[in-house]
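A.B. asks: Next comes protein36.txt, compact mmCIF, C-alpha atoms:
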# COMPACT_ATOMS: atom_id res chain seq x y z
CA MET A 1 117.90 61.38 110.02
CA GLN A 2 120.69 63.95 109.85
CA LEU A 3 118.34 66.58 108.47
CA LYS A 4 115.96 66.36 111.41
CA PRO A 5 117.78 68.97 113.54
CA LEU A 6 117.61 71.34 110.54
CA PHE A 7 113.84 70.93 110.29
CA ILE A 8 113.42 71.50 114.02
CA ALA A 9 115.55 74.66 113.92
CA LEU A 10 113.71 76.05 110.89
CA THR A 11 110.32 75.27 112.40
CA LEU A 12 111.21 77.00 115.67
CA ALA A 13 112.59 80.01 113.79
CA LEU A 14 109.40 80.34 111.77
CA ALA A 15 107.02 79.62 114.63
CA PRO A 16 104.70 82.65 115.10
CA ALA A 17 103.32 84.05 118.31
CA ALA A 18 100.70 82.09 120.24
CA HIS A 19 97.71 84.39 119.61
CA ALA A 20 95.57 83.88 116.54
CA THR A 21 95.24 86.67 113.97
CA ASN A 22 92.62 87.17 111.27
CA LEU A 23 92.53 89.36 108.18
CA VAL A 24 90.95 92.35 109.90
CA ASP A 25 93.59 92.28 112.65
CA VAL A 26 96.37 92.21 110.07
CA PHE A 27 94.76 95.04 108.10
CA ARG A 28 94.53 97.24 111.20
CA ASP A 29 98.19 96.63 111.94
CA ALA A 30 99.01 97.51 108.33
CA GLN A 31 97.04 100.76 108.55
CA ALA A 32 99.15 101.79 111.51
CA TYR A 33 102.52 100.78 110.03
CA ASP A 34 102.62 100.47 106.25
CA ALA A 35 104.76 103.29 104.83
CA GLN A 36 103.00 103.34 101.46
CA TYR A 37 99.63 103.83 103.16
CA ALA A 38 101.10 106.47 105.50
CA ALA A 39 102.46 108.36 102.50
CA ALA A 40 99.00 108.30 100.91
CA ARG A 41 97.48 109.62 104.15
CA ALA A 42 99.99 112.50 104.21
CA ALA A 43 99.29 113.24 100.55
CA ARG A 44 95.59 113.43 101.35
CA GLU A 45 96.23 115.88 104.18
CA ALA A 46 98.34 118.00 101.83
CA GLY A 47 95.57 117.87 99.22
CA GLN A 48 93.03 119.25 101.70
CA GLU A 49 94.98 122.52 101.73
CA LYS A 50 94.25 123.14 98.07
CA ALA A 51 90.79 124.44 98.94
CA VAL A 52 92.22 126.87 101.50
CA GLN A 53 94.77 128.13 98.98
CA GLY A 54 92.14 128.55 96.27
CA ARG A 55 89.78 130.44 98.58
CA ALA A 56 92.58 132.86 99.49
CA GLY A 57 92.30 134.44 96.03
CA LEU A 58 88.77 135.62 96.92
CA LEU A 59 89.58 137.06 100.35
CA PRO A 60 91.10 140.42 101.36
CA ASN A 61 94.83 140.95 101.07
CA VAL A 62 96.23 143.16 103.86
CA ASN A 63 99.83 144.36 104.07
CA LEU A 64 101.75 146.39 106.61
CA GLY A 65 105.00 148.10 105.62
CA GLY A 66 107.44 150.45 107.29
CA ASN A 67 110.81 152.14 106.78
CA VAL A 68 113.45 154.06 108.69
CA ARG A 69 116.08 156.01 106.72
CA TYR A 70 119.02 158.33 107.21
CA ASN A 71 119.11 160.92 104.43
CA SER A 72 121.96 163.19 103.29
CA LEU A 73 120.81 165.98 100.94
CA GLU A 74 123.09 168.21 98.87
CA SER A 75 121.42 171.12 97.10
CA SER A 76 122.46 174.15 95.03
CA LEU A 77 119.96 176.24 96.95
CA PRO A 78 121.31 178.46 99.70
CA ARG A 79 121.50 176.45 102.88
CA GLY A 80 119.88 173.59 100.97
CA ASP A 81 122.23 170.92 102.30
CA ALA A 82 120.70 168.81 105.05
CA ASP A 83 121.21 165.61 106.98
CA TYR A 84 118.00 164.22 108.45
CA ASP A 85 116.14 161.07 109.52
CA SER A 86 112.82 159.98 108.10
CA ASN A 87 110.46 157.10 108.72
CA GLY A 88 107.21 155.86 107.37
CA LEU A 89 104.46 153.36 107.99
CA SER A 90 101.83 152.10 105.56
CA LEU A 91 98.82 149.83 105.85
CA THR A 92 97.08 148.69 102.65
CA ALA A 93 94.13 146.39 102.02
CA ALA A 94 92.59 145.09 98.82
CA GLN A 95 89.41 143.07 98.41
CA PRO A 96 88.83 141.42 95.01
CA VAL A 97 85.44 142.48 93.69
CA TYR A 98 85.67 140.80 90.31
CA ARG A 99 88.49 138.41 89.40
CA LYS A 100 87.19 135.67 87.14
CA GLN A 101 90.47 133.77 87.19
CA ASN A 102 90.48 133.56 90.98
CA GLN A 103 86.90 132.31 91.05
CA VAL A 104 87.70 129.52 88.60
CA GLN A 105 90.90 128.69 90.46
CA TYR A 106 88.90 128.20 93.67
CA ALA A 107 86.54 125.83 91.84
CA GLN A 108 89.59 123.90 90.59
CA ALA A 109 90.97 123.70 94.12
CA LYS A 110 87.80 122.03 95.37
CA GLU A 111 88.09 119.44 92.60
CA GLN A 112 91.72 118.83 93.57
CA VAL A 113 90.56 118.06 97.10
CA LYS A 114 88.22 115.43 95.64
CA ILE A 115 91.16 113.86 93.80
CA ALA A 116 93.21 113.75 97.02
CA ASP A 117 90.36 111.95 98.78
CA MET A 118 89.93 109.55 95.88
CA GLN A 119 93.64 108.76 95.73
CA PHE A 120 93.58 107.93 99.42
CA ARG A 121 90.71 105.52 98.80
CA VAL A 122 92.78 103.93 96.04
CA ALA A 123 95.65 103.52 98.51
CA GLU A 124 93.28 101.89 101.00
CA GLN A 125 92.05 99.42 98.40
CA ASP A 126 95.63 98.68 97.40
CA LEU A 127 96.50 98.00 101.06
CA ILE A 128 93.53 95.63 101.38
CA LEU A 129 94.69 93.67 98.34
CA ARG A 130 98.32 93.59 99.49
CA VAL A 131 97.33 92.43 102.97
CA ALA A 132 95.07 89.70 101.59
CA GLN A 133 97.73 88.55 99.11
CA ALA A 134 100.45 88.39 101.76
CA TYR A 135 98.10 86.69 104.24
CA PHE A 136 97.01 83.99 101.81
CA ASP A 137 100.58 83.48 100.60
CA VAL A 138 101.56 82.54 104.16
CA LEU A 139 98.55 80.23 104.52
CA GLU A 140 99.36 78.56 101.22
CA SER A 141 102.95 77.85 102.28
CA GLN A 142 101.74 76.52 105.63
CA ASP A 143 99.28 74.25 103.84
CA ASN A 144 101.97 72.99 101.48
CA ILE A 145 104.25 72.14 104.40
CA ALA A 146 101.41 70.27 106.10
CA PHE A 147 100.70 68.34 102.89
CA ILE A 148 104.38 67.46 102.48
CA ASN A 149 104.58 66.28 106.07
CA SER A 150 101.56 64.06 105.51
CA GLN A 151 103.20 62.67 102.40
CA LYS A 152 106.44 62.05 104.30
CA SER A 153 104.53 60.09 106.92
CA ALA A 154 102.86 58.00 104.24
CA ILE A 155 106.16 57.44 102.41
CA THR A 156 107.81 56.45 105.69
CA GLU A 157 105.20 53.73 106.11
CA GLN A 158 105.79 52.55 102.54
CA LEU A 159 109.54 52.60 103.11
CA ALA A 160 109.19 50.45 106.23
CA PHE A 161 106.79 48.15 104.39
CA ALA A 162 109.23 47.78 101.47
CA LYS A 163 112.12 47.01 103.81
CA ARG A 164 110.13 44.34 105.62
CA ASN A 165 109.07 42.74 102.35
CA PHE A 166 112.66 42.78 101.11
CA GLU A 167 113.87 41.16 104.30
CA VAL A 168 111.36 38.33 103.96
CA GLY A 169 112.05 38.01 100.26
CA THR A 170 108.67 39.09 98.91
CA ALA A 171 109.97 42.29 97.26
CA THR A 172 113.09 43.53 95.56
CA ILE A 173 115.47 46.18 96.76
CA THR A 174 114.04 48.40 94.01
CA ASP A 175 110.91 49.05 96.07
CA THR A 176 113.06 50.22 98.95
CA HIS A 177 115.09 52.49 96.72
CA GLU A 178 111.97 53.98 95.15
CA ALA A 179 110.44 54.72 98.54
CA GLN A 180 113.70 56.22 99.78
CA ALA A 181 113.97 58.39 96.66
CA ARG A 182 110.42 59.68 97.15
CA PHE A 183 111.16 60.42 100.80
CA ASP A 184 114.33 62.34 99.92
CA LEU A 185 112.38 64.30 97.31
CA ALA A 186 109.74 65.18 99.90
CA VAL A 187 112.50 66.36 102.24
CA ALA A 188 113.87 68.61 99.49
CA GLN A 189 110.37 69.96 98.82
CA GLU A 190 109.91 70.66 102.51
CA ILE A 191 113.17 72.62 102.70
CA ALA A 192 112.13 74.72 99.69
CA GLU A 193 108.66 75.34 101.12
CA LEU A 194 110.08 76.29 104.53
CA ASN A 195 112.26 78.83 102.78
CA SER A 196 109.24 80.13 100.86
CA LEU A 197 107.27 80.39 104.10
CA ASN A 198 110.06 82.36 105.71
CA ILE A 199 110.14 84.81 102.80
CA ARG A 200 106.37 85.22 102.83
CA LEU A 201 106.31 85.79 106.57
CA ARG A 202 108.89 88.53 106.14
CA ALA A 203 106.80 90.05 103.35
CA LEU A 204 103.78 90.16 105.67
CA GLU A 205 105.95 91.55 108.47
CA LYS A 206 107.06 94.34 106.13
CA ILE A 207 103.43 95.44 105.82
CA ILE A 208 102.40 95.21 109.48
CA GLY A 209 105.71 96.03 111.17
CA LYS A 210 105.94 92.98 113.41
CA PRO A 211 106.08 89.18 113.16
CA PRO A 212 102.55 87.98 112.41
CA GLY A 213 100.83 85.84 114.97
CA THR A 214 99.27 82.48 114.27
CA LEU A 215 97.00 83.17 111.32
CA ASP A 216 93.43 81.95 111.10
CA THR A 217 93.10 79.39 108.35
CA LEU A 218 90.46 78.75 105.71
CA ALA A 219 87.63 76.56 106.95
CA GLU A 220 86.96 73.43 104.95
CA PRO A 221 84.84 73.40 102.99
CA ALA A 222 84.73 77.19 102.64
CA LEU A 223 81.60 78.44 100.93
CA LEU A 224 82.98 80.26 97.90
CA LYS A 225 80.55 82.21 95.77
CA GLY A 226 80.76 83.45 92.22
CA GLY A 227 80.19 87.06 91.23
CA PRO A 228 76.42 87.74 91.11
CA GLY A 229 75.16 89.27 87.91
CA SER A 230 76.51 89.07 84.39
CA ILE A 231 79.97 90.01 83.25
CA ASP A 232 78.56 92.96 81.28
CA GLU A 233 76.79 94.28 84.37
CA TRP A 234 80.04 94.25 86.35
CA ALA A 235 81.91 95.92 83.48
CA ALA A 236 79.29 98.69 83.38
CA ARG A 237 79.55 99.15 87.14
CA ALA A 238 83.33 99.43 86.84
CA VAL A 239 83.08 102.14 84.17
CA GLU A 240 80.92 104.19 86.55
CA GLY A 241 82.47 103.36 89.91
CA ASN A 242 86.14 102.53 89.40
CA LEU A 243 88.22 104.92 91.49
CA GLN A 244 90.94 105.48 88.90
CA ALA A 245 88.30 106.25 86.29
CA GLU A 246 86.63 108.67 88.69
CA ILE A 247 89.96 110.41 89.29
CA GLN A 248 90.34 110.91 85.55
CA ARG A 249 86.81 112.30 85.31
CA ILE A 250 87.62 114.84 88.02
CA ALA A 251 90.87 115.66 86.21
CA LYS A 252 88.79 116.28 83.07
CA THR A 253 86.62 118.72 85.03
CA ILE A 254 89.76 120.55 86.18
CA ALA A 255 90.99 120.66 82.57
CA ASP A 256 87.68 122.20 81.48
CA GLN A 257 88.01 124.79 84.21
CA GLU A 258 91.59 125.50 83.17
CA VAL A 259 90.36 126.54 79.74
CA GLU A 260 87.86 128.86 81.37
CA ARG A 261 90.51 130.25 83.74
CA ASN A 262 92.90 131.12 80.93
CA ARG A 263 90.18 132.72 78.86
CA ALA A 264 89.40 134.86 81.88
CA GLY A 265 92.81 136.46 81.34
CA HIS A 266 91.02 138.75 78.88
CA HIS A 267 88.57 139.88 81.56
CA PRO A 268 89.00 143.09 83.56
CA THR A 269 89.71 142.92 87.27
CA LEU A 270 88.13 145.14 89.92
CA ASP A 271 89.38 145.51 93.48
CA ALA A 272 88.24 147.59 96.43
CA VAL A 273 91.32 149.15 98.03
CA ALA A 274 92.05 151.13 101.16
CA GLY A 275 95.24 152.45 102.68
CA TYR A 276 96.71 154.56 105.42
CA THR A 277 100.25 155.98 105.18
CA ILE A 278 102.38 157.83 107.71
CA ASN A 279 105.56 159.61 106.57
CA ASN A 280 107.67 161.46 109.11
CA GLY A 281 110.64 163.70 108.30
CA GLN A 282 109.96 164.42 104.63
CA ASN A 283 112.25 167.18 103.44
CA PHE A 284 110.95 170.08 101.35
CA GLY A 285 113.86 172.48 101.00
CA ALA A 286 114.59 173.80 104.47
CA THR A 287 111.31 172.46 105.79
CA GLN A 288 110.63 168.97 107.16
CA VAL A 289 107.04 167.79 107.04
CA ASP A 290 105.12 164.91 108.62
CA THR A 291 102.16 163.59 106.62
CA ARG A 292 99.20 161.32 107.20
CA VAL A 293 97.35 160.03 104.15
CA ALA A 294 94.19 157.86 104.18
CA SER A 295 92.66 156.56 100.96
CA VAL A 296 89.82 154.32 99.86
CA GLY A 297 88.53 153.48 96.40
CA LEU A 298 88.27 151.05 93.50
CA GLU A 299 91.00 149.88 91.12
CA LEU A 300 90.14 148.65 87.63
CA ASN A 301 92.61 146.86 85.39
CA LEU A 302 91.76 145.97 81.78
CA PRO A 303 94.32 143.82 79.94
CA ILE A 304 94.66 144.88 76.31
CA TYR A 305 97.68 143.11 74.88
CA GLN A 306 100.26 140.80 76.51
CA GLY A 307 102.20 139.70 73.46
CA GLY A 308 99.84 136.80 72.68
CA LEU A 309 100.49 135.12 76.05
CA ILE A 310 96.84 134.65 77.02
CA ASN A 311 95.80 133.21 73.65
CA SER A 312 98.71 130.78 73.77
CA ARG A 313 97.73 129.61 77.24
CA VAL A 314 94.15 129.10 76.09
CA ARG A 315 95.32 126.92 73.18
CA GLU A 316 97.52 124.96 75.56
CA ALA A 317 94.61 124.43 77.95
CA VAL A 318 92.34 123.27 75.12
CA ALA A 319 94.93 120.68 74.07
CA ASN A 320 95.24 119.47 77.67
CA GLN A 321 91.44 119.34 77.83
CA GLU A 322 91.41 116.90 74.91
CA LYS A 323 94.16 114.87 76.56
CA ALA A 324 92.10 114.67 79.75
CA ARG A 325 89.08 113.51 77.74
CA GLN A 326 91.11 110.71 76.20
CA ASP A 327 92.52 109.80 79.63
CA VAL A 328 88.96 109.37 80.88
CA GLU A 329 88.22 107.03 77.99
CA VAL A 330 91.38 105.01 78.64
CA ALA A 331 90.59 104.71 82.36
CA ALA A 332 86.99 103.67 81.68
CA ARG A 333 88.06 100.98 79.21
CA GLU A 334 90.74 99.73 81.60
CA ALA A 335 88.22 99.58 84.44
CA GLY A 336 85.83 97.55 82.31
CA LEU A 337 88.61 95.16 81.34
CA GLN A 338 89.71 94.74 84.96
CA ALA A 339 86.15 93.96 85.99
CA ARG A 340 85.73 91.39 83.22
CA GLN A 341 89.01 89.69 84.09
CA ALA A 342 88.18 89.63 87.80
CA TRP A 343 84.65 88.33 87.15
CA LEU A 344 86.03 85.52 85.01
CA ASN A 345 88.66 84.72 87.65
CA VAL A 346 85.99 84.59 90.37
CA ASN A 347 83.57 82.35 88.52
CA SER A 348 86.15 80.11 86.90
CA GLY A 349 87.94 79.96 90.24
CA VAL A 350 84.85 78.73 92.02
CA ALA A 351 84.28 76.14 89.30
CA ARG A 352 87.94 75.07 89.53
CA VAL A 353 87.63 74.68 93.29
CA ARG A 354 84.60 72.43 92.87
CA ALA A 355 86.44 70.36 90.26
CA LEU A 356 89.54 70.05 92.41
CA GLU A 357 87.45 69.04 95.41
CA GLN A 358 86.07 66.20 93.33
CA ALA A 359 89.55 65.41 92.02
CA LEU A 360 90.84 65.15 95.58
CA VAL A 361 88.07 62.70 96.43
CA SER A 362 88.92 60.67 93.34
CA THR A 363 92.68 60.63 93.95
CA GLN A 364 92.14 59.65 97.57
CA ALA A 365 89.89 56.79 96.45
CA GLN A 366 92.54 55.78 93.91
CA LEU A 367 95.18 55.78 96.67
CA ASP A 368 93.02 53.60 98.91
CA SER A 369 92.43 51.18 96.04
CA THR A 370 96.13 51.09 95.16
CA LYS A 371 97.08 50.33 98.76
CA LEU A 372 94.58 47.50 98.78
CA GLY A 373 95.97 46.24 95.47
CA LEU A 374 99.46 46.27 96.98
CA GLU A 375 98.29 44.12 99.85
CA VAL A 376 96.80 41.53 97.50
CA GLY A 377 99.78 41.66 95.16
CA VAL A 378 98.26 43.32 92.08
CA ARG A 379 99.90 46.71 92.66
CA THR A 380 103.49 47.67 93.32
CA ASN A 381 105.02 49.99 95.88
CA LEU A 382 105.76 52.46 93.06
CA ASP A 383 102.03 52.55 92.22
CA VAL A 384 101.27 53.53 95.81
CA LEU A 385 103.92 56.23 95.79
CA ASN A 386 102.56 57.64 92.53
CA ALA A 387 99.03 57.67 93.94
CA GLU A 388 100.22 59.49 97.04
CA GLN A 389 101.93 62.08 94.85
CA GLN A 390 98.66 62.64 92.98
CA VAL A 391 96.85 63.20 96.28
CA LEU A 392 99.48 65.73 97.33
CA SER A 393 99.21 67.56 94.01
CA ALA A 394 95.42 67.67 94.28
CA GLN A 395 95.64 69.03 97.83
CA ARG A 396 98.10 71.74 96.86
CA ASP A 397 96.11 72.74 93.77
CA LEU A 398 92.88 72.88 95.75
CA ALA A 399 94.35 75.07 98.49
CA GLY A 400 95.87 77.44 95.94
CA ALA A 401 92.61 77.63 93.98
CA ARG A 402 90.65 78.56 97.11
CA TYR A 403 92.97 81.42 97.96
CA ALA A 404 93.05 82.60 94.34
CA SER A 405 89.24 82.62 94.23
CA LEU A 406 88.99 84.76 97.36
CA LEU A 407 91.58 87.19 96.02
CA ALA A 408 89.74 87.39 92.71
CA GLY A 409 86.59 88.35 94.60
CA LEU A 410 88.42 91.22 96.27
CA SER A 411 89.90 92.31 92.95
CA LEU A 412 86.41 92.34 91.40
CA LYS A 413 85.14 94.68 94.11
CA ALA A 414 88.22 96.87 93.68
CA ALA A 415 87.52 97.10 89.95
CA VAL A 416 84.05 98.55 90.59
CA GLY A 417 85.31 100.80 93.41
CA THR A 418 83.44 99.17 96.31
CA LEU A 419 86.26 97.28 98.04
CA SER A 420 86.41 98.15 101.76
CA PRO A 421 87.69 96.68 105.05
CA GLU A 422 84.23 95.17 105.56
CA ASP A 423 85.05 92.74 102.75
CA LEU A 424 87.96 91.40 104.82
CA ALA A 425 85.60 90.96 107.75
CA GLU A 426 83.33 88.93 105.46
CA ILE A 427 86.23 86.63 104.55
CA ASP A 428 87.05 86.28 108.25
CA GLN A 429 83.69 84.51 108.56
CA VAL A 430 85.13 81.55 106.64
CA LEU A 431 88.41 81.54 108.58
CA ARG A 432 88.98 79.73 111.85
CA PRO A 433 91.79 79.53 114.38
CA PRO A 434 94.16 76.64 113.57
CA ALA A 435 93.76 73.48 115.58
CA ALA A 436 96.01 73.35 118.64
CA VAL A 437 99.14 71.30 118.20
CA GLN A 438 98.87 68.08 120.16
Show the structure stored in the file as structure tokens.

C.D. replies:
Amino acid sequence: MQLKPLFIALTLALAPAAHATNLVDVFRDAQAYDAQYAAARAAREAGQEKAVQGRAGLLPNVNLGGNVRYNSLESSLPRGDADYDSNGLSLTAAQPVYRKQNQVQYAQAKEQVKIADMQFRVAEQDLILRVAQAYFDVLESQDNIAFINSQKSAITEQLAFAKRNFEVGTATITDTHEAQARFDLAVAQEIAELNSLNIRLRALEKIIGKPPGTLDTLAEPALLKGGPGSIDEWAARAVEGNLQAEIQRIAKTIADQEVERNRAGHHPTLDAVAGYTINNGQNFGATQVDTRVASVGLELNLPIYQGGLINSRVREAVANQEKARQDVEVAAREAGLQARQAWLNVNSGVARVRALEQALVSTQAQLDSTKLGLEVGVRTNLDVLNAEQQVLSAQRDLAGARYASLLAGLSLKAAVGTLSPEDLAEIDQVLRPPAAVQ
């Protein structure tokens, strides 16, 4: 056919590298390349510095200062005018003894570090889900192309059969036209699916930074399992373990501490201070004096009135505290809903896979019976073509349901906060390298 060179060119363009790749391999490549994950890693590193910054408010503060000046003095005193140079050097140190606000701020900083770590774990789970989705999207397109090619081969046989029967006068030209129409439709479907495969390969390449190799495929029959335990048990686990919910709980702790920090604005502060100052060339009338001053002591500051600023900040912090409490509730409810949806998708997905497996057996048996009926004259060529289309639909639905069930399992673990790269390794146990092309 005229379209054959197009298929060959598209196939060669989409052909991946020779080595086989599984989910764990793809995930490792994504960890090294994906920009979204790299940004989360950098954000985590930045978040680690919050603890250092918070601790600084409890440590000594040491400053060194100096000056060099030219001075021109005019005085009404006799011979009081003078031009002279002066310089000075000062070293001061202060150690907070009691600063309630700084103590609370350090506690907040440690909680902010926890949020940074938790957000990085969220990014890792998101990368796992994106890798699995992109991986299975490619496999699904490859499966669909294989199914279409099988259908084309079967339709080609029916087309040749219809032409032979027409030539000997046992069939009408309608059978030939029907077979040709089905073949042309399969060609159109193949072109669309090749385009979809190309797009999905590029989507996977965007995550891992290079063309993916030959991907391991799902073993048949893959042993798919439903979510153990009841839906309520998984929802309860999600409320306690979901990472987004945990982030909101930590944020609520920070909001509580913010109220305490602002209330501490009414507290006195006490610092231990020490200093040493050198001043050279100080002018006292006609006399220039060099001085050395050393000091050590305590400084107390008691805020009395700041125009209502502290009270306003406390009220603001209390309102934000209530907002944080509601955010925790929202996150917990959302986590429970996600877990319920994922649990239903897992268990209904497994049941759907079992039903589609049986449907595929039934449609294949129907196709065999229809072919036999065609041979004995009780079925038409159109009946065979329709039966083949049902087999193709069952194959495509079954493949899609298997991938959807595996993804739902990962989403369920993400909802309860336990999703990890080890879960991809577990899926790799039901994948196998594709059969070598003969």

A.B. asks: Between CA of Val330 in chain A and CA of Arg41 in chain A, what distance in Å does the model show, to one decimal?

C.D. replies: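 Between CA of Val330 in chain A and CA of Arg41 in chain A the gap is 26.6 Å.
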
A.B. asks: Nearest to Gln103 in chain A: which of A:Ala264, A:Val187, A:Ala192, A:Leu382 is it, counting only C-alpha atoms?

C.D. replies: A:Ala264

A.B. asks: Restricting the calculation to all atoms listed in the file, which member of A:Arg432, A:Tyr403, A:Glu357, A:Ala30 is positioned closest to Ile208 in chain A?

C.D. replies: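 The shortest atom-to-atom distance to Ile208 in chain A comes from A:Ala30.
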
A.B. asks: Mind listing whatever residues come within 10 Å of the point (81.8, 131.8, 82.9)? Use all atoms listed in the file, file coordinates, and give them as a list of chain:residue names.

C.D. replies: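 The distance filter leaves exactly A:Lys100, A:Gln101, A:Gln103, A:Val104, A:Gln257, A:Glu260, A:Arg261, A:Arg263, A:Ala264.
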
A.B. asks: With a distance cut-off of 9 Å and only C-alpha atoms, select the neighbouring residues of Gln282 in chain A, excluding the residue or stretch itself and same-chain residues fewer than 2 positions from it, and output the selection as a PDB file with C-alpha atoms, in the frame of the given file.

C.D. replies:
ATOM      1  CA  TYR A  84     118.000 164.220 108.450  1.00  0.00           C
ATOM      2  CA  ASP A  85     116.140 161.070 109.520  1.00  0.00           C
ATOM      3  CA  SER A  86     112.820 159.980 108.100  1.00  0.00           C
ATOM      4  CA  ASN A  87     110.460 157.100 108.720  1.00  0.00           C
ATOM      5  CA  ASN A 279     105.560 159.610 106.570  1.00  0.00           C
ATOM      6  CA  ASN A 280     107.670 161.460 109.110  1.00  0.00           C
ATOM      7  CA  PHE A 284     110.950 170.080 101.350  1.00  0.00           C
ATOM      8  CA  THR A 287     111.310 172.460 105.790  1.00  0.00           C
ATOM      9  CA  GLN A 288     110.630 168.970 107.160  1.00  0.00           C
ATOM     10  CA  VAL A 289     107.040 167.790 107.040  1.00  0.00           C
ATOM     11  CA  ASP A 290     105.120 164.910 108.620  1.00  0.00           C
ATOM     12  CA  THR A 291     102.160 163.590 106.620  1.00  0.00           C
TER      13      THR A 291
END

A.B. asks: Could you check the closest approach to Phe147 in chain A for each of A:Leu197, A:Ile254, A:Ala399, A:Ala408 and tell me which residue wins, using only C-alpha atoms?

C.D. replies: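 Closest to Phe147 in chain A of all the choices is A:Ala399.
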
A.B. asks: What is the CA of Gln358 in chain A-CA of Phe183 in chain A distance in Å, reported with one decimal?

C.D. replies: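 Going from CA of Gln358 in chain A over to CA of Phe183 in chain A covers 26.8 Å.
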
A.B. asks: Quick one: residues within 12 Å of range 269-277 of chain A, all atoms listed in the file, excluding same-chain residues fewer than 4 positions away - as a VMD selection string?

C.D. replies: chain A and resid 57 to 67 87 to 103 264 to 265 290 to 303

A.B. asks: What separation in Å, quoted to one decimal, exists between CA of Asn71 in chain A and CA of Ile278 in chain A?

C.D. replies: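 Computing the Euclidean distance for CA of Asn71 in chain A and CA of Ile278 in chain A yields 17.3 Å.
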
A.B. asks: Restricting the calculation to all atoms listed in the file, which member of A:Leu159, A:Ala203, A:Leu412, A:Ala40 is positioned closest to Ile173 in chain A?

C.D. replies: A:Leu159

A.B. asks: Show me the residues close to (95.4, 54.7, 95.4) - anything with an atom within 12 Å, counting only C-alpha atoms - and format the list as number ranges by chain.

C.D. replies: A: 360-375, 379-392

A.B. asks: Give me the residues near Gln142 in chain A as a PyMOL selection string, where near means some atom within 10 Å (using only C-alpha atoms) and where sequence neighbours in that chain fewer than 2 positions away do not count.

C.D. replies: chain A and resi 136-140+144-148+193-194+196-197+215+217

A.B. asks: For a quick check of understanding, using all atoms listed in the file, which of A:Thr176, A:Ser393, A:Gln133, A:Gln53 has the smallest distance to Ser405 in chain A?

C.D. replies: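 Of A:Thr176, A:Ser393, A:Gln133, A:Gln53, the one nearest Ser405 in chain A is A:Gln133, counting all atoms listed in the file.
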
A.B. asks: Looking at all atoms listed in the file, which of A:Asp423, A:Asp34, A:Asp126, A:Glu111 is the one that sits closest to Gly54 in chain A?

C.D. replies: A:Glu111
